[in-house]
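K.L.:
What follows is the file my_file.pdb, containing PDB, C-alpha atoms:
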```pdb
ATOM      1  CA  MET A   1    -170.454  36.350 -15.523
ATOM      2  CA  THR A   2    -173.557  38.147 -16.789
ATOM      3  CA  LYS A   3    -177.031  37.574 -15.365
ATOM      4  CA  GLU A   4    -178.185  36.270 -18.746
ATOM      5  CA  LEU A   5    -175.394  33.702 -18.750
ATOM      6  CA  GLU A   6    -176.169  32.662 -15.162
ATOM      7  CA  LYS A   7    -179.848  32.193 -16.046
ATOM      8  CA  SER A   8    -179.003  30.190 -19.156
ATOM      9  CA  LEU A   9    -176.594  27.940 -17.259
ATOM     10  CA  GLU A  10    -179.243  27.308 -14.603
ATOM     11  CA  VAL A  11    -181.791  26.333 -17.273
ATOM     12  CA  LEU A  12    -179.264  23.930 -18.778
ATOM     13  CA  ARG A  13    -178.451  22.470 -15.344
ATOM     14  CA  ARG A  14    -182.122  21.780 -14.678
ATOM     15  CA  GLN A  15    -182.576  20.222 -18.129
ATOM     16  CA  LYS A  16    -179.428  18.074 -18.053
ATOM     17  CA  PRO A  17    -181.075  14.854 -16.756
ATOM     18  CA  TYR A  18    -183.796  15.117 -19.407
ATOM     19  CA  LEU A  19    -181.259  15.909 -22.138
ATOM     20  CA  HIS A  20    -179.306  12.797 -21.214
ATOM     21  CA  GLU A  21    -182.403  10.603 -21.203
ATOM     22  CA  ALA A  22    -184.040  11.975 -24.357
ATOM     23  CA  TYR A  23    -181.011  12.811 -26.508
ATOM     24  CA  GLY A  24    -178.032  11.005 -24.984
ATOM     25  CA  VAL A  25    -176.290  14.222 -23.908
ATOM     26  CA  ASN A  26    -173.338  13.254 -21.689
ATOM     27  CA  ALA A  27    -171.821  16.740 -21.446
ATOM     28  CA  ILE A  28    -172.984  20.228 -22.316
ATOM     29  CA  GLY A  29    -171.142  23.537 -22.361
ATOM     30  CA  VAL A  30    -171.549  27.144 -23.424
ATOM     31  CA  PHE A  31    -168.795  28.881 -25.381
ATOM     32  CA  GLY A  32    -168.174  31.903 -27.582
ATOM     33  CA  SER A  33    -169.129  35.525 -27.003
ATOM     34  CA  PHE A  34    -172.052  34.620 -24.742
ATOM     35  CA  ALA A  35    -169.737  32.655 -22.414
ATOM     36  CA  ARG A  36    -167.252  35.542 -22.413
ATOM     37  CA  GLY A  37    -170.017  38.037 -21.591
ATOM     38  CA  LYS A  38    -169.356  39.900 -24.822
ATOM     39  CA  GLN A  39    -172.543  39.283 -26.736
ATOM     40  CA  ASP A  40    -173.509  41.972 -29.230
ATOM     41  CA  GLN A  41    -175.255  44.664 -27.175
ATOM     42  CA  ARG A  42    -176.918  46.067 -30.311
ATOM     43  CA  ARG A  43    -178.888  42.863 -30.629
ATOM     44  CA  LYS A  44    -181.504  42.433 -27.957
ATOM     45  CA  ARG A  45    -181.225  38.634 -27.892
ATOM     46  CA  SER A  46    -177.766  37.428 -28.834
ATOM     47  CA  ASP A  47    -177.472  33.778 -29.817
ATOM     48  CA  ILE A  48    -175.815  31.229 -27.564
ATOM     49  CA  ASP A  49    -173.186  28.730 -28.725
ATOM     50  CA  ILE A  50    -173.632  25.318 -27.130
ATOM     51  CA  MET A  51    -171.465  22.218 -27.426
ATOM     52  CA  VAL A  52    -172.822  18.782 -26.564
ATOM     53  CA  GLU A  53    -171.058  15.471 -26.195
ATOM     54  CA  LEU A  54    -173.438  12.697 -27.225
ATOM     55  CA  ASP A  55    -173.510   9.097 -26.091
ATOM     56  CA  GLU A  56    -172.713   6.902 -29.096
ATOM     57  CA  ARG A  57    -175.411   4.455 -28.042
ATOM     58  CA  ALA A  58    -178.096   7.149 -28.354
ATOM     59  CA  HIS A  59    -177.849   7.141 -32.169
ATOM     60  CA  VAL A  60    -178.783  10.797 -32.519
ATOM     61  CA  GLY A  61    -179.334  11.383 -36.212
ATOM     62  CA  PHE A  62    -179.876  14.537 -38.237
ATOM     63  CA  PHE A  63    -183.527  15.098 -37.285
ATOM     64  CA  LYS A  64    -183.048  14.261 -33.611
ATOM     65  CA  PHE A  65    -180.091  16.667 -33.465
ATOM     66  CA  PHE A  66    -182.203  19.519 -34.822
ATOM     67  CA  GLU A  67    -184.994  18.547 -32.449
ATOM     68  CA  LEU A  68    -182.470  18.970 -29.621
ATOM     69  CA  GLU A  69    -181.424  22.375 -30.959
ATOM     70  CA  GLU A  70    -185.065  23.482 -31.130
ATOM     71  CA  TYR A  71    -185.737  22.165 -27.624
ATOM     72  CA  LEU A  72    -182.820  24.212 -26.277
ATOM     73  CA  ARG A  73    -183.980  27.287 -28.199
ATOM     74  CA  ARG A  74    -187.414  27.078 -26.611
ATOM     75  CA  ARG A  75    -186.038  26.519 -23.105
ATOM     76  CA  LEU A  76    -183.443  29.296 -23.343
ATOM     77  CA  ARG A  77    -185.707  31.640 -25.322
ATOM     78  CA  ARG A  78    -182.946  32.589 -27.704
ATOM     79  CA  LYS A  79    -181.300  31.367 -30.907
ATOM     80  CA  VAL A  80    -178.993  28.426 -30.297
ATOM     81  CA  ASP A  81    -175.972  27.429 -32.387
ATOM     82  CA  LEU A  82    -175.472  23.792 -31.462
ATOM     83  CA  VAL A  83    -172.390  21.702 -32.235
ATOM     84  CA  THR A  84    -171.211  18.302 -31.143
ATOM     85  CA  LYS A  85    -167.805  17.873 -29.565
ATOM     86  CA  ASP A  86    -166.857  15.520 -32.411
ATOM     87  CA  ALA A  87    -167.653  18.192 -35.023
ATOM     88  CA  ILE A  88    -165.187  20.731 -33.623
ATOM     89  CA  LYS A  89    -162.190  21.007 -35.911
ATOM     90  CA  PRO A  90    -158.685  20.817 -34.406
ATOM     91  CA  ALA A  91    -157.857  24.268 -35.828
ATOM     92  CA  THR A  92    -160.616  25.924 -33.759
ATOM     93  CA  GLU A  93    -160.606  23.567 -30.788
ATOM     94  CA  LYS A  94    -158.202  25.637 -28.660
ATOM     95  CA  ASN A  95    -160.240  28.849 -28.993
ATOM     96  CA  ILE A  96    -163.530  27.100 -28.322
ATOM     97  CA  PHE A  97    -162.411  25.175 -25.260
ATOM     98  CA  LYS A  98    -160.669  28.125 -23.597
ATOM     99  CA  ASP A  99    -164.062  29.872 -23.263
ATOM    100  CA  MET A 100    -166.100  26.750 -22.519
ATOM    101  CA  ILE A 101    -168.278  26.788 -19.425
ATOM    102  CA  TYR A 102    -169.475  23.273 -18.690
ATOM    103  CA  VAL A 103    -172.806  22.680 -17.015
TER     104      VAL A 103
END
```
Could you quickly redo this structure as structure tokens?

P.N.:
Amino acid sequence: MTKELEKSLEVLRRQKPYLHEAYGVNAIGVFGSFARGKQDQRRKRSDIDIMVELDERAHVGFFKFFELEEYLRRRLRRKVDLVTKDAIKPATEKNIFKDMIYV
């Protein structure tokens, strides 16, 4: 696990109670090249892929979802590609979940 990944996971851990309260985030995980420690070394600040599972009762719409993505970007100080667990297609599910690091 890279130091950048450890730092990012710690930020997410600290933010988890707020994310649940403000956005209805029940679960959060990091996946993709950042989780594997294989981010593009040519790019100084590789993006981070994050999956969230949202509470249905939170009614997170389009604008609130992008507000969440922006909030995470500011906290992590890097570009965030945010997806919901429900949006992950069955064809890619296996690859995504094998790398997933839950917070």

K.L.:
A:Gly24, A:Gly32, A:Gly37, A:Pro90: which is nearest A:Val60, counting all atoms listed in the file?

P.N.:
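Closest to A:Val60, using all atoms listed in the file: A:Gly24.
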
K.L.:
Calculated over all atoms listed in the file, which of the candidates A:Asp49, A:Glu67, A:Asp99, A:Glu4 has the smallest distance to A:Arg36?

P.N.:
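Distance minimum relative to A:Arg36 lands on A:Asp99.
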
K.L.:
So, counting only C-alpha atoms, which residue among A:Lys85, A:Lys98, A:Arg74, A:Lys3 is closest to A:Ile28?

P.N.:
A:Lys85

K.L.:
For the structure provided, state which residues fall under the PyMOL selection byres ((chain A and resi 71) around 12), and present them as a PDB file with C-alpha atoms, keeping the file's coordinate frame.

P.N.:
```pdb
ATOM      1  CA  VAL A  11    -181.791  26.333 -17.273  1.00  0.00           C
ATOM      2  CA  LEU A  12    -179.264  23.930 -18.778  1.00  0.00           C
ATOM      3  CA  GLN A  15    -182.576  20.222 -18.129  1.00  0.00           C
ATOM      4  CA  TYR A  18    -183.796  15.117 -19.407  1.00  0.00           C
ATOM      5  CA  LEU A  19    -181.259  15.909 -22.138  1.00  0.00           C
ATOM      6  CA  ALA A  22    -184.040  11.975 -24.357  1.00  0.00           C
ATOM      7  CA  TYR A  23    -181.011  12.811 -26.508  1.00  0.00           C
ATOM      8  CA  LYS A  64    -183.048  14.261 -33.611  1.00  0.00           C
ATOM      9  CA  PHE A  65    -180.091  16.667 -33.465  1.00  0.00           C
ATOM     10  CA  PHE A  66    -182.203  19.519 -34.822  1.00  0.00           C
ATOM     11  CA  GLU A  67    -184.994  18.547 -32.449  1.00  0.00           C
ATOM     12  CA  LEU A  68    -182.470  18.970 -29.621  1.00  0.00           C
ATOM     13  CA  GLU A  69    -181.424  22.375 -30.959  1.00  0.00           C
ATOM     14  CA  GLU A  70    -185.065  23.482 -31.130  1.00  0.00           C
ATOM     15  CA  LEU A  72    -182.820  24.212 -26.277  1.00  0.00           C
ATOM     16  CA  ARG A  73    -183.980  27.287 -28.199  1.00  0.00           C
ATOM     17  CA  ARG A  74    -187.414  27.078 -26.611  1.00  0.00           C
ATOM     18  CA  ARG A  75    -186.038  26.519 -23.105  1.00  0.00           C
ATOM     19  CA  LEU A  76    -183.443  29.296 -23.343  1.00  0.00           C
ATOM     20  CA  ARG A  77    -185.707  31.640 -25.322  1.00  0.00           C
ATOM     21  CA  ARG A  78    -182.946  32.589 -27.704  1.00  0.00           C
ATOM     22  CA  LYS A  79    -181.300  31.367 -30.907  1.00  0.00           C
ATOM     23  CA  VAL A  80    -178.993  28.426 -30.297  1.00  0.00           C
ATOM     24  CA  LEU A  82    -175.472  23.792 -31.462  1.00  0.00           C
TER      25      LEU A  82
END
```

K.L.:
Got a sec: who's within 8 Å of A:Phe31, counting all atoms listed in the file, leaving out chain neighbours fewer than 4 positions off, as a VMD selection string?

P.N.:
chain A and resid 35 to 36 48 to 51 96 to 97 99 to 101

K.L.:
Could you state the separation of atom CA of A:Glu56 and atom CA of A:His20 in Å, given to one decimal place?

P.N.:
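Calculated distance between atom CA of A:Glu56 and atom CA of A:His20 is 11.8 Å.
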
K.L.:
Pick from A:Leu54, A:Pro17, A:Ser46, A:Glu93: nearest to A:Asp81, with all atoms listed in the file counted?

P.N.:
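Smallest separation from A:Asp81 among the options: A:Ser46.
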
K.L.:
With only C-alpha atoms as the atoms that count, which of A:Tyr102, A:Asp55, A:Phe62, A:Asn95 lies nearest to A:Asn26?

P.N.:
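With only C-alpha atoms as the atom set, the closest residue is A:Asp55.
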
K.L.:
Figure out the distance between atom CA of A:Ser8 and atom CA of A:Lys38, please, to one decimal in Å.

P.N.:
14.8 Å

K.L.:
Quick check, in Å to one decimal: how far apart do atom CA of A:Ala91 and atom CA of A:Leu5 lie?

P.N.:
26.2 Å
